[in-house]
>>> print(open('work-v9.txt').read())   # compact mmCIF, C-alpha atoms
# COMPACT_ATOMS: atom_id res chain seq x y z
CA MET A 469 59.54 179.43 344.55
CA GLY A 470 62.96 180.02 342.99
CA LYS A 471 63.73 179.56 339.36
CA ILE A 472 64.41 176.09 337.97
CA ARG A 473 68.09 175.60 337.25
CA ILE A 474 68.84 174.27 333.75
CA GLY A 475 72.13 173.25 332.15
CA THR A 476 72.87 172.00 328.66
CA VAL A 477 75.86 169.92 327.60
CA TRP A 478 77.35 169.25 324.19
CA LEU A 479 79.16 165.93 323.67
CA GLY A 480 79.76 164.21 320.30
CA GLY A 481 77.18 165.96 318.13
CA CYS A 482 76.86 168.74 315.58
CA SER A 483 75.16 171.27 317.93
CA GLY A 484 72.02 171.02 315.81
CA CYS A 485 70.01 170.18 318.94
CA HIS A 486 71.20 173.40 320.57
CA MET A 487 70.25 175.27 317.41
CA SER A 488 66.80 173.69 317.63
CA PHE A 489 66.67 174.84 321.25
CA LEU A 490 67.28 178.40 320.05
CA ASP A 491 64.37 177.86 317.66
CA LEU A 492 62.14 178.20 320.72
CA ASP A 493 62.33 181.87 319.69
CA GLU A 494 60.02 184.05 321.80
CA ARG A 495 59.29 181.10 324.05
CA LEU A 496 62.84 181.58 325.38
CA LEU A 497 61.58 184.79 327.03
CA GLU A 498 58.81 182.87 328.74
CA LEU A 499 61.33 180.22 329.77
CA ALA A 500 63.59 182.88 331.24
CA GLN A 501 60.82 183.87 333.67
CA TYR A 502 60.84 180.43 335.25
CA ALA A 503 64.29 179.05 334.58
CA GLU A 504 67.86 180.09 335.07
CA PHE A 505 70.61 178.89 332.73
CA MET A 506 73.49 177.65 334.83
CA SER A 507 75.77 176.27 332.14
CA SER A 508 75.56 175.87 328.40
CA PRO A 509 77.86 175.84 325.37
CA ILE A 510 75.84 178.71 323.95
CA THR A 511 76.48 180.91 326.98
CA ASP A 512 79.92 179.87 328.29
CA TRP A 513 83.44 180.56 327.20
CA LYS A 514 84.89 177.16 326.36
CA LEU A 515 88.22 175.90 327.58
CA HIS A 516 90.29 173.77 325.26
CA THR A 517 89.86 170.68 327.37
CA PRO A 518 86.18 170.48 328.29
CA ILE A 519 86.76 168.31 331.32
CA LYS A 520 88.38 171.22 333.23
CA GLU A 521 85.32 173.34 332.74
CA TYR A 522 82.95 170.62 333.85
CA GLN A 523 84.84 170.15 337.15
CA ASP A 524 82.84 173.24 338.17
CA TYR A 525 79.51 172.10 336.70
CA PRO A 526 76.82 173.45 339.07
CA GLU A 527 74.06 171.58 340.85
CA VAL A 528 71.04 171.84 338.53
CA ASP A 529 67.48 170.57 338.27
CA ILE A 530 67.59 169.61 334.58
CA THR A 531 70.47 168.92 332.19
CA LEU A 532 69.89 168.46 328.48
CA VAL A 533 72.72 166.40 327.00
CA GLU A 534 73.33 166.66 323.27
CA GLY A 535 75.60 164.25 321.42
CA ALA A 536 76.84 160.69 321.71
CA VAL A 537 79.62 159.47 323.98
CA VAL A 538 82.63 159.30 321.69
CA ASN A 539 85.72 159.86 323.87
CA THR A 540 87.05 159.51 327.41
CA ASP A 541 86.28 163.15 328.25
CA ASN A 542 82.66 162.63 327.29
CA VAL A 543 82.42 159.77 329.81
CA GLU A 544 83.87 161.91 332.61
CA VAL A 545 81.72 164.92 331.76
CA LEU A 546 78.62 162.77 331.66
CA LYS A 547 79.32 161.22 335.05
CA ILE A 548 79.90 164.65 336.63
CA VAL A 549 76.73 166.00 335.03
CA ARG A 550 74.68 163.02 336.17
CA GLU A 551 75.90 163.43 339.73
CA ARG A 552 74.94 167.09 339.85
CA SER A 553 71.61 166.99 337.97
CA LYS A 554 68.24 165.94 339.33
CA LEU A 555 67.06 165.05 335.83
CA VAL A 556 69.18 164.14 332.81
CA ILE A 557 67.54 164.33 329.40
CA ALA A 558 69.03 162.71 326.29
CA PHE A 559 68.67 165.58 323.85
CA GLY A 560 68.41 164.45 320.23
CA ASP A 561 69.25 161.31 318.28
CA CYS A 562 73.02 161.27 318.91
CA ALA A 563 72.43 161.22 322.68
CA VAL A 564 69.52 158.80 322.29
CA SER A 565 70.94 156.30 319.79
CA GLY A 566 74.47 157.28 318.75
CA ASN A 567 73.17 158.36 315.35
CA VAL A 568 75.71 159.62 312.76
CA PRO A 569 78.78 159.76 315.10
CA ALA A 570 78.23 156.03 315.72
CA TYR A 571 78.93 155.25 312.05
CA ARG A 572 82.53 155.15 313.26
CA ASN A 573 81.69 151.85 314.98
CA LEU A 574 81.76 150.13 311.61
CA PHE A 575 85.52 150.66 311.49
CA GLY A 576 88.34 150.44 314.04
CA VAL A 577 89.44 153.69 315.74
CA ASP A 578 92.91 153.44 314.20
CA ASP A 579 91.47 152.97 310.71
CA VAL A 580 89.32 156.07 311.16
CA LEU A 581 92.20 158.22 312.45
CA ASN A 582 94.48 157.04 309.67
CA ALA A 583 91.87 157.68 307.02
CA VAL A 584 91.12 161.20 308.26
CA TYR A 585 94.58 162.46 309.25
CA LEU A 586 96.89 160.49 306.94
CA GLU A 587 95.21 159.08 303.84
CA LYS A 588 92.76 161.91 303.15
CA ALA A 589 94.83 164.81 304.47
CA SER A 590 96.38 166.94 301.75
CA TYR A 591 99.16 168.43 303.91
CA ASN A 592 100.71 168.10 307.38
CA GLN A 593 99.77 164.44 307.57
CA GLN A 594 99.94 163.30 311.20
CA VAL A 595 97.58 161.76 313.72
CA PRO A 596 97.16 164.22 316.63
CA SER A 597 98.80 162.75 319.69
CA ASP A 598 98.92 165.45 322.40
CA LYS A 599 96.95 163.69 325.15
CA THR A 600 96.73 166.89 327.22
CA VAL A 601 94.59 168.49 324.52
CA ILE A 602 92.90 165.66 322.67
CA PRO A 603 90.97 163.03 324.59
CA LYS A 604 91.24 159.38 323.63
CA LEU A 605 88.52 158.06 321.33
CA LEU A 606 86.45 155.19 322.73
CA ASN A 607 86.45 151.94 320.79
CA LYS A 608 82.69 152.25 320.34
CA VAL A 609 80.49 155.33 320.20
CA VAL A 610 77.51 154.75 322.51
CA PRO A 611 74.28 156.55 323.46
CA ILE A 612 74.43 158.36 326.79
CA SER A 613 71.97 155.92 328.38
CA HIS A 614 74.64 153.22 328.02
CA VAL A 615 76.90 155.21 330.38
CA VAL A 616 74.56 156.90 332.90
CA LYS A 617 70.92 156.71 333.91
CA VAL A 618 68.73 158.90 331.70
CA ASP A 619 65.35 160.19 332.84
CA TYR A 620 63.82 161.32 329.54
CA PHE A 621 64.61 160.95 325.86
CA ILE A 622 63.83 163.61 323.26
CA THR A 623 64.20 161.99 319.84
CA GLY A 624 64.90 163.70 316.51
CA CYS A 625 67.86 164.90 314.48
CA PRO A 626 67.39 167.54 315.62
CA PRO A 627 64.31 167.37 317.86
CA SER A 628 61.68 169.90 316.89
CA ALA A 629 61.47 173.09 318.95
CA ASP A 630 57.86 172.17 319.75
CA THR A 631 58.89 168.85 321.29
CA ILE A 632 61.67 170.53 323.28
CA TRP A 633 59.19 173.11 324.51
CA TYR A 634 56.60 170.46 325.38
CA THR A 635 59.16 168.54 327.45
CA ILE A 636 60.52 171.55 329.31
CA LYS A 637 57.05 173.01 329.89
CA CYS A 638 55.84 169.74 331.40
CA LEU A 639 58.82 169.63 333.75
CA LEU A 640 58.44 173.31 334.69
CA GLU A 641 54.83 172.61 335.60
CA GLY A 642 55.82 169.54 337.61
CA ARG A 643 54.24 167.10 335.14
CA GLN A 644 55.78 164.03 333.55
CA PRO A 645 56.10 164.47 329.77
CA LYS A 646 53.95 161.86 328.04
CA PHE A 647 55.32 161.48 324.54
CA THR A 648 52.95 160.42 321.78
CA GLU A 649 53.44 159.72 318.05
CA GLU A 650 53.51 163.44 317.23
CA HIS A 651 56.59 163.92 319.43
CA TYR A 652 58.63 161.03 318.11
CA ARG A 653 60.97 161.59 315.21
CA TYR A 654 64.07 159.60 314.32
CA GLY A 655 66.47 161.34 312.03
CA MET B 847 31.57 129.84 302.84
CA SER B 848 30.40 129.91 306.44
CA VAL B 849 30.48 132.96 308.66
CA LEU B 850 32.29 132.65 312.00
CA THR B 851 31.81 134.84 315.05
CA LEU B 852 34.61 135.78 317.35
CA THR B 853 35.43 138.41 319.98
CA ILE B 854 38.29 140.88 319.54
CA ASN B 855 39.10 143.14 322.49
CA GLY B 856 35.64 142.46 323.92
CA ILE B 857 33.84 143.39 320.71
CA GLU B 858 31.91 140.76 318.75
CA CYS B 859 33.11 140.45 315.16
CA THR B 860 32.39 138.19 312.25
CA GLY B 861 34.69 136.71 309.65
CA ARG B 862 34.55 134.25 306.81
CA GLU B 863 35.97 130.77 307.17
CA GLY B 864 39.56 130.69 305.92
CA GLN B 865 40.32 134.29 306.90
CA THR B 866 43.21 135.01 309.23
CA ILE B 867 42.90 136.85 312.54
CA LEU B 868 44.75 139.77 310.95
CA ASP B 869 42.22 139.95 308.09
CA VAL B 870 39.37 140.33 310.59
CA ILE B 871 41.33 142.78 312.75
CA ARG B 872 41.97 144.97 309.68
CA GLU B 873 38.36 144.71 308.45
CA ASN B 874 37.28 146.05 311.82
CA ASN B 875 39.83 148.90 311.76
CA ILE B 876 41.54 147.75 314.94
CA PRO B 877 45.11 149.15 315.03
CA ILE B 878 47.82 146.48 315.14
CA PRO B 879 51.49 146.66 314.15
CA ALA B 880 52.82 144.45 311.36
CA LEU B 881 55.95 144.63 309.26
CA CYS B 882 56.28 141.56 307.06
CA ASN B 883 52.61 141.39 306.12
CA LEU B 884 51.44 143.08 302.94
CA LYS B 885 48.02 142.59 301.40
CA GLY B 886 48.41 140.61 298.19
CA LEU B 887 51.45 138.58 299.32
CA THR B 888 51.40 135.21 301.10
CA PRO B 889 51.61 135.80 304.87
CA VAL B 890 54.70 134.25 306.47
CA GLY B 891 54.67 135.36 310.12
CA ALA B 892 58.28 136.50 309.96
CA CYS B 893 58.29 139.66 312.04
CA ARG B 894 56.02 138.51 314.92
CA LEU B 895 54.80 142.06 315.49
CA CYS B 896 51.16 141.10 314.97
CA LEU B 897 51.23 138.61 317.85
CA VAL B 898 47.92 138.40 319.71
CA GLU B 899 46.63 136.64 322.79
CA VAL B 900 43.97 133.99 322.20
CA ARG B 901 42.04 132.62 325.17
CA GLY B 902 42.85 128.94 325.72
CA ILE B 903 46.21 129.10 323.91
CA SER B 904 49.17 129.60 326.25
CA LYS B 905 51.50 130.92 323.51
CA LEU B 906 51.14 134.22 321.71
CA VAL B 907 50.06 133.58 318.11
CA PRO B 908 50.85 135.59 314.96
CA ALA B 909 47.58 137.10 313.70
CA CYS B 910 48.73 137.04 310.06
CA THR B 911 49.14 133.27 309.81
CA THR B 912 46.48 132.04 312.24
CA LYS B 913 43.06 131.19 310.82
CA ILE B 914 40.00 132.29 312.72
CA GLN B 915 37.81 129.76 314.49
CA GLU B 916 34.28 129.95 315.80
CA GLY B 917 34.07 131.53 319.26
CA MET B 918 37.68 132.74 319.50
CA PHE B 919 38.43 135.34 322.20
CA ILE B 920 41.29 137.53 320.99
CA GLU B 921 43.16 140.39 322.69
CA THR B 922 45.35 142.63 320.54
CA ASP B 923 46.52 145.27 323.00
CA THR B 924 47.50 143.85 326.39
CA GLU B 925 50.43 144.94 328.57
CA LYS B 926 52.23 141.70 327.71
CA LEU B 927 51.84 142.26 323.96
CA ARG B 928 52.96 145.89 324.23
CA THR B 929 56.08 144.79 326.12
CA TYR B 930 57.03 142.16 323.55
CA ARG B 931 56.29 144.42 320.57
CA ARG B 932 58.54 147.15 321.90
CA ILE B 933 61.32 144.61 322.53
CA LEU B 934 60.92 143.31 318.96
CA VAL B 935 61.22 146.78 317.44
CA GLU B 936 64.18 147.66 319.64
CA LEU B 937 65.95 144.47 318.60
CA LEU B 938 65.41 145.32 314.93
CA PHE B 939 67.05 148.71 315.51
CA ALA B 940 69.89 147.14 317.51
CA GLU B 941 70.59 144.50 314.87
CA GLY B 942 70.76 146.74 311.80
CA ASN B 943 72.57 150.02 311.36
CA HIS B 944 69.41 152.11 311.18
CA VAL B 945 70.83 155.62 311.19
CA CYS B 946 67.61 157.36 310.21
CA ALA B 947 69.25 160.76 309.67
CA SER B 948 71.11 159.43 306.64
CA CYS B 949 68.48 157.03 305.28
CA VAL B 950 66.71 157.51 301.94
CA VAL B 951 63.29 156.68 303.40
CA ASN B 952 63.65 158.79 306.55
CA GLY B 953 60.16 160.07 307.33
CA ASN B 954 58.55 157.53 304.98
CA CYS B 955 59.64 154.33 306.73
CA ASP B 956 57.45 151.54 308.10
CA LEU B 957 60.01 150.68 310.78
CA GLN B 958 60.03 154.27 312.02
CA GLN B 959 56.24 154.25 312.17
CA LEU B 960 56.37 151.06 314.21
CA GLY B 961 58.86 152.71 316.57
CA PHE B 962 56.41 155.54 317.11
CA MET B 963 53.52 153.10 317.51
CA VAL B 964 55.27 151.09 320.25
CA GLU B 965 56.50 154.34 321.88
CA MET B 966 60.17 153.52 321.40
CA ASP B 967 62.03 156.54 322.75
CA HIS B 968 65.34 154.66 322.90
CA VAL B 969 66.87 151.21 322.45
CA ARG B 970 67.78 149.44 325.69
CA PHE B 971 70.01 146.85 324.02
CA ASP B 972 73.57 147.17 322.78
CA TYR B 973 73.74 148.09 319.10
CA LEU B 974 75.59 145.35 317.21
CA TRP B 975 77.14 147.56 314.51
CA GLN B 976 77.63 144.62 312.20
CA SER B 977 79.42 145.20 308.93
CA PHE B 978 77.00 144.91 306.01
CA GLN B 979 77.42 145.12 302.27
CA ILE B 980 75.89 147.63 299.92
CA ASP B 981 75.21 146.32 296.43
CA ALA B 982 75.06 149.18 293.93
CA SER B 983 75.75 147.01 290.87
CA HIS B 984 72.20 147.32 289.53
CA PRO B 985 71.72 150.15 287.00
CA ARG B 986 68.59 151.50 288.73
CA PHE B 987 68.47 150.24 292.31
CA VAL B 988 70.64 149.74 295.40
CA ALA B 989 70.45 147.00 298.07
CA ASP B 990 71.72 148.14 301.48
CA GLN B 991 71.84 145.10 303.75
CA SER B 992 72.30 147.21 306.88
CA LYS B 993 68.69 148.39 306.71
CA CYS B 994 67.15 144.99 305.86
CA VAL B 995 64.68 143.64 308.45
CA LYS B 996 64.28 140.24 306.75
CA CYS B 997 60.56 140.68 306.21
CA THR B 998 60.94 138.82 302.87
CA ARG B 999 58.44 141.07 301.11
CA CYS B 1000 60.93 141.46 298.23
CA ILE B 1001 61.33 137.71 297.90
CA ARG B 1002 57.58 137.13 297.86
CA VAL B 1003 56.62 139.91 295.47
CA CYS B 1004 59.32 138.88 292.97
CA ASP B 1005 58.27 135.25 293.15
CA GLU B 1006 54.50 135.53 293.48
CA VAL B 1007 53.68 138.65 291.47
CA GLU B 1008 56.52 139.29 289.03
CA GLY B 1009 57.35 135.59 288.61
CA ALA B 1010 61.10 136.16 288.35
CA HIS B 1011 62.21 134.87 291.79
CA VAL B 1012 65.40 136.92 291.89
CA TRP B 1013 65.56 137.17 295.69
CA ASP B 1014 66.23 134.57 298.38
CA LEU B 1015 67.54 134.35 301.94
CA LYS B 1016 70.91 132.91 302.89
CA GLY B 1017 72.42 132.19 306.30
CA ARG B 1018 70.83 131.82 309.72
CA GLY B 1019 70.11 134.00 312.74
CA ILE B 1020 71.75 137.42 312.66
CA ALA B 1021 73.88 136.26 309.71
CA THR B 1022 70.75 135.99 307.54
CA ARG B 1023 70.95 138.13 304.40
CA ILE B 1024 68.80 138.65 301.33
CA VAL B 1025 70.59 137.57 298.17
CA SER B 1026 69.82 138.13 294.52
CA GLY B 1027 70.35 135.44 291.87
CA LEU B 1028 71.77 132.85 294.30
CA ASN B 1029 74.25 135.38 295.71
CA GLN B 1030 75.36 137.26 292.61
CA PRO B 1031 75.66 141.03 292.42
CA TRP B 1032 72.15 142.31 291.64
CA GLY B 1033 73.31 143.98 288.44
CA GLN B 1034 74.50 140.64 287.03
CA VAL B 1035 71.26 138.76 287.65
CA LYS B 1036 69.78 138.18 284.18
CA GLU B 1037 66.40 137.16 285.63
CA CYS B 1038 65.86 140.63 287.12
CA THR B 1039 63.30 142.42 284.96
CA GLN B 1040 64.10 145.81 286.57
CA CYS B 1041 60.40 146.17 287.43
CA GLY B 1042 61.15 147.64 290.87
CA LYS B 1043 58.35 145.79 292.68
CA CYS B 1044 60.80 144.64 295.36
CA VAL B 1045 61.91 148.23 295.90
CA GLN B 1046 58.36 149.51 296.30
CA VAL B 1047 57.27 146.83 298.80
CA CYS B 1048 60.44 147.05 300.93
CA PRO B 1049 59.24 148.61 304.21
CA VAL B 1050 62.58 150.27 304.98
CA GLY B 1051 65.56 151.74 303.15
CA ALA B 1052 67.12 148.36 302.28
CA LEU B 1053 66.09 148.53 298.61
CA PHE B 1054 65.92 151.96 297.02
CA ASP B 1055 66.20 153.94 293.81
CA LYS B 1056 69.75 154.85 292.94
CA THR B 1057 68.88 158.51 292.55
CA ALA B 1058 67.25 158.90 295.98
CA THR B 1059 68.95 161.01 298.64
CA PRO B 1060 68.10 161.03 302.38
CA SER B 1061 64.42 161.52 303.22
CA GLU B 1062 63.54 161.64 299.53
CA MET B 1063 62.10 158.27 298.68
CA VAL B 1064 58.40 157.60 299.14
CA LYS B 1065 57.42 154.05 298.33
CA ASP B 1066 54.20 153.28 296.49
CA ARG B 1067 52.44 150.35 298.12
CA SER B 1068 49.18 150.78 296.23
CA PHE B 1069 50.66 149.49 292.96
CA LEU B 1070 50.40 145.92 294.23
CA GLN B 1071 46.62 146.08 294.69
CA ARG B 1072 46.24 147.75 291.28
CA ILE B 1073 48.17 144.94 289.60
CA LEU B 1074 46.45 142.14 291.45
CA GLU B 1075 42.96 143.55 290.95
CA GLY B 1076 43.73 144.23 287.28
CA ARG B 1077 44.82 140.65 286.78
CA GLU B 1078 41.73 139.36 288.53
CA ALA B 1079 39.55 141.47 286.23
CA LYS B 1080 41.63 140.38 283.20
CA LEU B 1081 42.25 144.02 282.31
CA TRP B 1082 45.29 143.18 280.25
CA ALA B 1083 44.12 139.92 278.63
CA ARG B 1084 44.59 139.72 274.86
>>> encode(input="work-v9.txt", output="structure tokens")
Amino acid sequence: MGKIRIGTVWLGGCSGCHMSFLDLDERLLELAQYAEFMSSPITDWKLHTPIKEYQDYPEVDITLVEGAVVNTDNVEVLKIVRERSKLVIAFGDCAVSGNVPAYRNLFGVDDVLNAVYLEKASYNQQVPSDKTVIPKLLNKVVPISHVVKVDYFITGCPPSADTIWYTIKCLLEGRQPKFTEEHYRYG
Amino acid sequence: MSVLTLTINGIECTGREGQTILDVIRENNIPIPALCNLKGLTPVGACRLCLVEVRGISKLVPACTTKIQEGMFIETDTEKLRTYRRILVELLFAEGNHVCASCVVNGNCDLQQLGFMVEMDHVRFDYLWQSFQIDASHPRFVADQSKCVKCTRCIRVCDEVEGAHVWDLKGRGIATRIVSGLNQPWGQVKECTQCGKCVQVCPVGALFDKTATPSEMVKDRSFLQRILEGREAKLWAR
């Protein structure tokens, strides 16, 4: 049997979930025996506009998606990834619930941009407007399950390395992960 | 006081007349979720998480406000109950802005524990992201409406145990809010004795110590039993 093909994606999040993934430590070596990393922000050279890179997103067995859906690029990326992945896993609280990025929903997008780039900026005050580089912010930040179908949810901010390992190990062994109280963590 | 016999999840139990179903469930160490109920405060049946099925009654009944009767057959853990409980917890998360990562009681929160108990891995409903107020006018405590689950524990402990009755509810439906001193800033309410009972019984991060930072605040529920038992035993009588 060939190796399982895994991809990871980073949307609106802090990359803490990917850092927690790296906390698998020596278990990464075991994982490497059974899985092949097809695409990941920790392994790839990033282009300025993520959407161009994801046009070539490979067909994979599992994709772990970190981060909430915050802009139009995120929506496109997510749809491409869903189409080319057998299983999509919401990876961490931002992907699961919106978490901290969704605090923006308490204010209008314009208010947030003005506050960050005009009112609070100490120099060069202007709202970035180059649409070829900067994707448009969505009116509401949403969890990824509100845009595409999600097969499994790993909670936590970030999820613990043990829970990540448990989930991946189950899937590698062809079992359904059965989460119990020890695996759940919000925040 | 007469002893009544009843069956819970197929096991024969006994209870005293006047006890609630929840009392008997707890005495028999049967796990059941509850949010608004706290031993020592009048039960109000606000959160509906302790709903149970009783044979012969077509509706689900709240265990905390339903008195036991002779020969009752009660189920506490059916598929139907699990479905409704998970929906209830998800709706609580969807209604408030429960961003656990930035909450003072993260890791020490009753609502989180309930989420784990009902196996809530995500919320299937749209988050409302309502705008709530934070009242930091009190010298020692803060009231963050966005985390409030309207369990009314604060209202009851202030009224029934402290005797100050600072807290009340205003509004209806999702516009319901807890208010101090008939809707004054908490810091201006002269009746507040600053005892902090409301803060300690609050199951979530809605009422907290001003100095607490995320994940820092552990609430002490046992104080209530100490006070009530001490009063009963007249420990502090002159």
>>> interface_residues(input="work-v9.txt", of="chain B", to="chain A", cutoff="12 Å", atoms="only C-alpha atoms", output="ChimeraX atom specification")
/B:936,939-940,942-955,957-979,992,1060-1061
>>> atom_distance(input="work-v9.txt", atom1="CA of Pro1031 in chain B", atom2="CA of Val580 in chain A")
27.6 Å
>>> closest_residue(input="work-v9.txt", among="A:Val477, A:Glu534, A:Leu606, A:Val556", to="Val577 in chain A", atoms="all atoms listed in the file")
A:Leu606
>>> closest_residue(input="work-v9.txt", among="B:Leu868, B:Ile876, B:Cys1038, B:Cys882", to="His1011 in chain B", atoms="all atoms listed in the file")
B:Cys1038
>>> atom_distance(input="work-v9.txt", atom1="CA of Leu887 in chain B", atom2="CA of Ile1001 in chain B")
10.0 Å
>>> closest_residue(input="work-v9.txt", among="A:Ile632, A:Val618, A:Ile519, A:Ala500", to="Glu544 in chain A", atoms="all atoms listed in the file")
A:Ile519
>>> residues_around(input="work-v9.txt", residues="Asp956 in chain B", least_positions_apart="4", cutoff="8 Å", atoms="only C-alpha atoms", output="count of residues only")
4
>>> atom_distance(input="work-v9.txt", atom1="CA of Arg552 in chain A", atom2="CA of His486 in chain A")
20.6 Å
>>> closest_residue(input="work-v9.txt", among="B:Leu884, B:Cys994, B:Cys1044, B:Leu927", to="Gln1071 in chain B", atoms="only C-alpha atoms")
B:Leu884
>>> closest_residue(input="work-v9.txt", among="A:Asp578, A:Asp524, A:Asp529, A:Glu494", to="Ile636 in chain A", atoms="all atoms listed in the file")
A:Asp529
>>> residues_near_point(input="work-v9.txt", point="(72.2, 166.1, 338.2)", cutoff="10 Å", atoms="all atoms listed in the file", output="ChimeraX atom specification")
/A:474-475,525-531,546-556
>>> write_last_selection(input="work-v9.txt", atoms="C-alpha atoms", output="compact mmCIF listing (two decimals), keeping the file's coordinate frame")
# COMPACT_ATOMS: atom_id res chain seq x y z
CA ILE A 474 68.84 174.27 333.75
CA GLY A 475 72.13 173.25 332.15
CA TYR A 525 79.51 172.10 336.70
CA PRO A 526 76.82 173.45 339.07
CA GLU A 527 74.06 171.58 340.85
CA VAL A 528 71.04 171.84 338.53
CA ASP A 529 67.48 170.57 338.27
CA ILE A 530 67.59 169.61 334.58
CA THR A 531 70.47 168.92 332.19
CA LEU A 546 78.62 162.77 331.66
CA LYS A 547 79.32 161.22 335.05
CA ILE A 548 79.90 164.65 336.63
CA VAL A 549 76.73 166.00 335.03
CA ARG A 550 74.68 163.02 336.17
CA GLU A 551 75.90 163.43 339.73
CA ARG A 552 74.94 167.09 339.85
CA SER A 553 71.61 166.99 337.97
CA LYS A 554 68.24 165.94 339.33
CA LEU A 555 67.06 165.05 335.83
CA VAL A 556 69.18 164.14 332.81
>>> decode(input="work-v9.txt", residues="range 575-587 of chain A", atoms="N, CA, C and O atoms", output="PDB file, in the first residue's frame")
ATOM      1  N   PHE A 575     -17.678  44.320  14.897  1.00  0.00           N
ATOM      2  CA  PHE A 575     -17.570  45.645  14.283  1.00  0.00           C
ATOM      3  C   PHE A 575     -17.762  45.487  12.776  1.00  0.00           C
ATOM      4  O   PHE A 575     -17.640  44.398  12.240  1.00  0.00           O
ATOM      5  N   GLY A 576     -18.008  46.556  12.066  1.00  0.00           N
ATOM      6  CA  GLY A 576     -18.068  46.500  10.610  1.00  0.00           C
ATOM      7  C   GLY A 576     -16.652  46.405  10.046  1.00  0.00           C
ATOM      8  O   GLY A 576     -15.690  46.829  10.690  1.00  0.00           O
ATOM      9  N   VAL A 577     -16.519  45.835   8.832  1.00  0.00           N
ATOM     10  CA  VAL A 577     -15.198  45.699   8.208  1.00  0.00           C
ATOM     11  C   VAL A 577     -14.530  47.069   8.046  1.00  0.00           C
ATOM     12  O   VAL A 577     -13.343  47.234   8.348  1.00  0.00           O
ATOM     13  N   ASP A 578     -15.306  48.048   7.606  1.00  0.00           N
ATOM     14  CA  ASP A 578     -14.726  49.390   7.387  1.00  0.00           C
ATOM     15  C   ASP A 578     -14.201  49.985   8.695  1.00  0.00           C
ATOM     16  O   ASP A 578     -13.138  50.591   8.734  1.00  0.00           O
ATOM     17  N   ASP A 579     -14.968  49.785   9.774  1.00  0.00           N
ATOM     18  CA  ASP A 579     -14.533  50.309  11.071  1.00  0.00           C
ATOM     19  C   ASP A 579     -13.208  49.687  11.487  1.00  0.00           C
ATOM     20  O   ASP A 579     -12.322  50.352  12.028  1.00  0.00           O
ATOM     21  N   VAL A 580     -13.080  48.365  11.228  1.00  0.00           N
ATOM     22  CA  VAL A 580     -11.855  47.667  11.617  1.00  0.00           C
ATOM     23  C   VAL A 580     -10.677  48.180  10.799  1.00  0.00           C
ATOM     24  O   VAL A 580      -9.604  48.499  11.341  1.00  0.00           O
ATOM     25  N   LEU A 581     -10.856  48.281   9.480  1.00  0.00           N
ATOM     26  CA  LEU A 581      -9.766  48.760   8.611  1.00  0.00           C
ATOM     27  C   LEU A 581      -9.352  50.181   8.985  1.00  0.00           C
ATOM     28  O   LEU A 581      -8.167  50.502   9.060  1.00  0.00           O
ATOM     29  N   ASN A 582     -10.348  51.021   9.223  1.00  0.00           N
ATOM     30  CA  ASN A 582     -10.039  52.402   9.599  1.00  0.00           C
ATOM     31  C   ASN A 582      -9.292  52.470  10.923  1.00  0.00           C
ATOM     32  O   ASN A 582      -8.322  53.230  11.071  1.00  0.00           O
ATOM     33  N   ALA A 583      -9.737  51.658  11.876  1.00  0.00           N
ATOM     34  CA  ALA A 583      -9.086  51.678  13.187  1.00  0.00           C
ATOM     35  C   ALA A 583      -7.625  51.244  13.071  1.00  0.00           C
ATOM     36  O   ALA A 583      -6.734  51.863  13.660  1.00  0.00           O
ATOM     37  N   VAL A 584      -7.386  50.166  12.287  1.00  0.00           N
ATOM     38  CA  VAL A 584      -6.038  49.607  12.207  1.00  0.00           C
ATOM     39  C   VAL A 584      -5.108  50.470  11.360  1.00  0.00           C
ATOM     40  O   VAL A 584      -3.974  50.769  11.758  1.00  0.00           O
ATOM     41  N   TYR A 585      -5.589  50.888  10.171  1.00  0.00           N
ATOM     42  CA  TYR A 585      -4.682  51.532   9.211  1.00  0.00           C
ATOM     43  C   TYR A 585      -4.703  53.059   9.254  1.00  0.00           C
ATOM     44  O   TYR A 585      -3.811  53.703   8.728  1.00  0.00           O
ATOM     45  N   LEU A 586      -5.766  53.627   9.869  1.00  0.00           N
ATOM     46  CA  LEU A 586      -5.826  55.102   9.911  1.00  0.00           C
ATOM     47  C   LEU A 586      -5.684  55.625  11.345  1.00  0.00           C
ATOM     48  O   LEU A 586      -4.730  56.317  11.667  1.00  0.00           O
ATOM     49  N   GLU A 587      -6.644  55.231  12.204  1.00  0.00           N
ATOM     50  CA  GLU A 587      -6.654  55.825  13.546  1.00  0.00           C
ATOM     51  C   GLU A 587      -5.452  55.402  14.401  1.00  0.00           C
ATOM     52  O   GLU A 587      -4.878  56.211  15.114  1.00  0.00           O
TER      53      GLU A 587
END
